[in-house]
Amino acid sequence: MTTLNASQANALRLIVSATVDAVKAAGPSGAPAGVLYAAMMGHGCKLSQFESLMGALVRQGILTHDADSHTYRAA
């Protein structure tokens, strides 16, 4: 397991927050995974990193994943 330094941990928090905000903004129909990945890919995100991030958000119950879309799961 890799330990993140303070700068990396802050960057990850910002990425998670921005991702969740984007999915929330998409509304009840959800945000297409391809569009989310394309936006992140433009900033150097690899597919495996995207899949890890989105999988973690789904496992934590923050997002759901149905077909090719991610939806915010309101508490």
# chains A, B, ... in the order shown; residues from 1 in each chain; ligands from 1
$ select_by_dssp --residues "chain A" --states "strand (DSSP E)" --output "list in words"
Ala31, Pro32, Leu63, Thr64, His65, Asp66, Ser69, His70, Thr71 and Tyr72 of chain A
$ select_by_dssp --residues "chain A" --states "alpha helix (DSSP H)" --output "ChimeraX atom specification"
/A:6-26,33-41,47-59
$ residues_around --residues "A:Pro32" --least-positions-apart "2" --cutoff "8 Å" --atoms "only C-alpha atoms" --output "PyMOL selection string"
chain A and resi 30+34-36+68-70
$ closest_residue --among "A:His43, A:Thr64, A:Val58, A:Tyr72" --to "A:Ala22" --atoms "only C-alpha atoms"
A:Tyr72
$ atom_distance --atom1 "atom CA of A:Thr19" --atom2 "atom CA of A:Ala33"
11.0 Å
